[in-house]
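**Student:** Take a look at the following structure, please.
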Amino acid sequence: MKAYYSVLRLRLLLGLQYRAAAVAGVMTQFFFGFLFIMIFEAFYAQTSGEPPMSLEQLIVYLWLQQSFLAFIMLWFRDNELFDLITSGNIAYELCRPAGLYEFWYAKLLAQRLSAALLRCVPILVVAMLLPRPYRLTLPPAASSFMLFAAALLLGLLVLVAISMLIYISVFYTMSPVGSLLLFGLLGEFLAGMTIPVPLMPSWLQTIVLLLPFHLTADFPFRVYSGHIPPAEAFRGIGLQLLWLAALLFVGKTALRRALRRVVVQGG
């Protein structure tokens with residue numbers, strides 16, 4: 001575990017150096033945050049029935065989405081890992097006295113943590129100071145915030161486990177383009193990043209709730225806003241733990257099988 005903690009800490013410190021990129025990212029996410037809020041505000045103004053989420057809850061959902069985008073976007077990638085696989089330099093990784101899956105998992109986790117730490121605080125602070133209806137409000141109770149923090153962290157672990165499957169698939173395809181498009185676009189929609197899950201048709205919600213993607217974004221954000229009560233949040237956190245264990249098992253098994261067919265020529 002010491003080796004994995006070391007790579008996590010070093011990659012975290014390395015990622016925290018890119019402050020200029022973080023400032024640009026914050027400005028971009030503020031733009032998209034206001035854009036999405038105005039789109040849904042216009043949609044809510046024209047609705048005739050009672051929406052499944054209040055506008056205030058939806059605005060909280062959107063600001064959290066922009067604040068923790070690095071935690072929930074599947075198209076966030078490490079091109080270095082792709083190059084290692086496609087160029088054959090994976091041989092150097094196999095020489096390390098550490099498990100490849102755990103080593104890469106720690107590296108990807110650190111990248112997302114560093115990106116989120118640089119961006120989330122300014123977005124959250126400014127969003128809480130905005131006038132209504134654009135303001136990010138506090139959770140309805142302290143328990144909701146604590147459950148949100150646990151759900152967000154577990155959601156991050158689930159997402160990294162899902163993203164590991166993208167890198168493992170490149171052992172077979174030798175190109176990351178298809179996997180990124182498939183996982184990125186489909187995963188983003190199923191996670192509720194395009195449309196929150198409560199606003200989807202009931203038949204589509206049934207499909208989404210059977211998959212792990214909504215546990216990375218939609219679930220923790222709705223816990224924060226109070227749309228998911230604490231009793232239901234505990235069940236969701238248990239589901240996150242089950243999916244995390246299953247994805248880790250599938251990922252490790254798939255990587256072991258992929259490494260059996262790796263051929264490195266030369267040298």
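Chains: A, B, ... in order of the structure tokens. Residues: from 1 per chain. Ligands: from 1, in order shown.
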Find the residues around range 117-130 of chain A up to 6 Å (only C-alpha atoms counted), leave out those fewer than 6 positions away in its own chain, and share them as a list of chain:residue names.
**Tutor:** A:Ala22, A:Val26, A:Ser67, A:Phe68, A:Leu136
**Student:** Counting only C-alpha atoms, what is within 8 Å of Gly33 in chain A, bar same-chain residues fewer than 4 positions away, as a PyMOL selection string?
**Tutor:** chain A and resi 29+37+62-63+66
**Student:** Which range 101-176 of chain A residues have any atom within 12 Å of an atom of range 237-256 of chain A, and for each, what is the nearest pair of atoms with distance in Å to one decimal, counting only C-alpha atoms, rows sorted by chain and number, as JSON lines?
**Tutor:**
```
{"residue": "A:Tyr101", "atom": "CA", "partner": "A:Lys252", "partner_atom": "CA", "distance": 6.4}
{"residue": "A:Glu102", "atom": "CA", "partner": "A:Lys252", "partner_atom": "CA", "distance": 8.8}
{"residue": "A:Phe103", "atom": "CA", "partner": "A:Lys252", "partner_atom": "CA", "distance": 11.7}
{"residue": "A:Trp104", "atom": "CA", "partner": "A:Leu255", "partner_atom": "CA", "distance": 11.3}
{"residue": "A:Tyr105", "atom": "CA", "partner": "A:Leu248", "partner_atom": "CA", "distance": 9.9}
{"residue": "A:Met146", "atom": "CA", "partner": "A:Ile237", "partner_atom": "CA", "distance": 11.8}
{"residue": "A:Leu147", "atom": "CA", "partner": "A:Ile237", "partner_atom": "CA", "distance": 8.3}
{"residue": "A:Phe148", "atom": "CA", "partner": "A:Ile237", "partner_atom": "CA", "distance": 9.6}
{"residue": "A:Ala149", "atom": "CA", "partner": "A:Ile237", "partner_atom": "CA", "distance": 10.8}
{"residue": "A:Ala150", "atom": "CA", "partner": "A:Ile237", "partner_atom": "CA", "distance": 7.7}
{"residue": "A:Ala151", "atom": "CA", "partner": "A:Ile237", "partner_atom": "CA", "distance": 6.0}
{"residue": "A:Leu152", "atom": "CA", "partner": "A:Ile237", "partner_atom": "CA", "distance": 9.6}
{"residue": "A:Leu153", "atom": "CA", "partner": "A:Gln240", "partner_atom": "CA", "distance": 10.1}
{"residue": "A:Leu154", "atom": "CA", "partner": "A:Gln240", "partner_atom": "CA", "distance": 6.5}
{"residue": "A:Gly155", "atom": "CA", "partner": "A:Gln240", "partner_atom": "CA", "distance": 6.9}
{"residue": "A:Leu156", "atom": "CA", "partner": "A:Leu244", "partner_atom": "CA", "distance": 9.9}
{"residue": "A:Leu157", "atom": "CA", "partner": "A:Leu244", "partner_atom": "CA", "distance": 7.1}
{"residue": "A:Val158", "atom": "CA", "partner": "A:Leu244", "partner_atom": "CA", "distance": 5.2}
{"residue": "A:Leu159", "atom": "CA", "partner": "A:Leu244", "partner_atom": "CA", "distance": 8.8}
{"residue": "A:Val160", "atom": "CA", "partner": "A:Leu244", "partner_atom": "CA", "distance": 9.5}
{"residue": "A:Ala161", "atom": "CA", "partner": "A:Leu247", "partner_atom": "CA", "distance": 5.9}
{"residue": "A:Ile162", "atom": "CA", "partner": "A:Leu247", "partner_atom": "CA", "distance": 6.8}
{"residue": "A:Ser163", "atom": "CA", "partner": "A:Gly251", "partner_atom": "CA", "distance": 9.6}
{"residue": "A:Met164", "atom": "CA", "partner": "A:Gly251", "partner_atom": "CA", "distance": 6.8}
{"residue": "A:Leu165", "atom": "CA", "partner": "A:Gly251", "partner_atom": "CA", "distance": 6.1}
{"residue": "A:Ile166", "atom": "CA", "partner": "A:Gly251", "partner_atom": "CA", "distance": 9.8}
{"residue": "A:Tyr167", "atom": "CA", "partner": "A:Leu255", "partner_atom": "CA", "distance": 9.3}
{"residue": "A:Ile168", "atom": "CA", "partner": "A:Leu255", "partner_atom": "CA", "distance": 6.0}
{"residue": "A:Ser169", "atom": "CA", "partner": "A:Ala254", "partner_atom": "CA", "distance": 8.7}
{"residue": "A:Val170", "atom": "CA", "partner": "A:Leu255", "partner_atom": "CA", "distance": 10.6}
{"residue": "A:Phe171", "atom": "CA", "partner": "A:Leu255", "partner_atom": "CA", "distance": 8.7}
{"residue": "A:Tyr172", "atom": "CA", "partner": "A:Leu255", "partner_atom": "CA", "distance": 10.7}
```
**Student:** Quick one, how far is CA of His214 in chain A from CA of Ser175 in chain A?
**Tutor:** 26.7 Å
**Student:** Of the residues A:Leu186, A:Met193, A:Met53, A:Ala70, which is the one nearest to Ala110 in chain A, using only C-alpha atoms?
**Tutor:**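 Using only C-alpha atoms, Ala110 in chain A sits closest to A:Ala70.
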